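**Student:** Next up is a structure, given as structure tokens.
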Amino acid sequence: PWFALYFVLFMGISSISVMNLVTAVIVETSINAAKNDQDATAVHELAVMQEMLQQVQDLIKKADTDNTGEITKTELMSAWSSDPEVKELLEGFIDIQELLDLFDIFDDDGSGSLSMKELRKGFTGYRQDPVRCMIE
């Protein structure tokens, strides 16, 4: 009789232990999958950002009529109104007033023109934290 009680207790504790181990493995696998998903999302966002930045750089090269490597608001407005390809590219994700507001935000040195460096820094900062970017 005592041996049967010992056997039943042993089997009960063993089965609970095994269930805990299985649960731990499932949770660990889920955590690793979530981390891998976050990494994949970050890589995808970086690729999207680089593609968008390349499109904007191409746009600036088109709109830079004085070939200084920088774009002014006048050049930007002129490209918006005269080049349908530029307008189509920009209208896909921003309207002209927002674009002009971003121009002012990204213009770190207050020169009235955007260099590629200012543009890259602005887009990266804006994408990571738009509110902080606007405040600074």
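Each chain of the structure tokens is named A, B, ... in the order shown, its residues numbered from 1; ligands are numbered from 1 in display order.
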Mind listing the strand (DSSP E) residues of chain A, per DSSP on the backbone, as a PyMOL selection string?

**Tutor:** chain A and resi 71-72+113-114

**Student:** Please produce a file of the residues just selected, as a short mmCIF file (atom, residue, chain, number, x, y, z; two decimals), in the first residue's frame, where the atoms kept are N, CA, C and O atoms.

**Tutor:**
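Done, and the output landed in part.cif:
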data_model
loop_
_atom_site.label_atom_id
_atom_site.label_comp_id
_atom_site.auth_asym_id
_atom_site.auth_seq_id
_atom_site.Cartn_x
_atom_site.Cartn_y
_atom_site.Cartn_z
N ILE A 71 19.23 71.63 -52.81
CA ILE A 71 17.96 72.04 -53.40
C ILE A 71 17.35 73.14 -52.54
O ILE A 71 17.38 73.06 -51.32
N THR A 72 16.82 74.16 -53.19
CA THR A 72 16.14 75.24 -52.48
C THR A 72 14.64 75.02 -52.56
O THR A 72 14.17 74.20 -53.36
N SER A 113 18.48 75.94 -48.08
CA SER A 113 18.67 74.85 -49.05
C SER A 113 18.99 73.57 -48.28
O SER A 113 19.49 73.61 -47.15
N LEU A 114 18.68 72.45 -48.90
CA LEU A 114 18.94 71.14 -48.29
C LEU A 114 20.08 70.45 -49.02
O LEU A 114 20.02 70.26 -50.23
#

**Student:** Which residues are near Val48 in chain A? Cut-off 12 Å, only C-alpha atoms, ignore same chain within fewer than 6 positions. Put them as a list in words.

**Tutor:**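 Residues near the query, excluding close chain neighbours: Thr41, Ala42, Gln54, Gln55, Phe123, Thr124 and Arg127 of chain A.
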
**Student:** How many Å separate CA of Gln50 in chain A from CA of Asn32 in chain A?

**Tutor:**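 Computed distance, CA of Gln50 in chain A to CA of Asn32 in chain A, equals 27.1 Å.
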
**Student:** With a distance cut-off of 9 Å and only C-alpha atoms, select the neighbouring residues of range 96-103 of chain A, excluding the residue or stretch itself and same-chain residues fewer than 2 positions from it, and output the selection as a list in words.

**Tutor:** Thr72, Lys73, Leu76, Met77, Trp80, Leu90, Glu91, Ile94, Ile105, Phe106, Asp107, Gly112, Ser113, Leu114, Leu119, Gly122 and Met134 of chain A

**Student:** Based on the backbone DSSP call, show me all residues of range 27-119 of chain A assigned helix (DSSP H, G or I), as a ChimeraX atom specification.

**Tutor:** /A:27-63,73-82,84-91,96-106,116-119
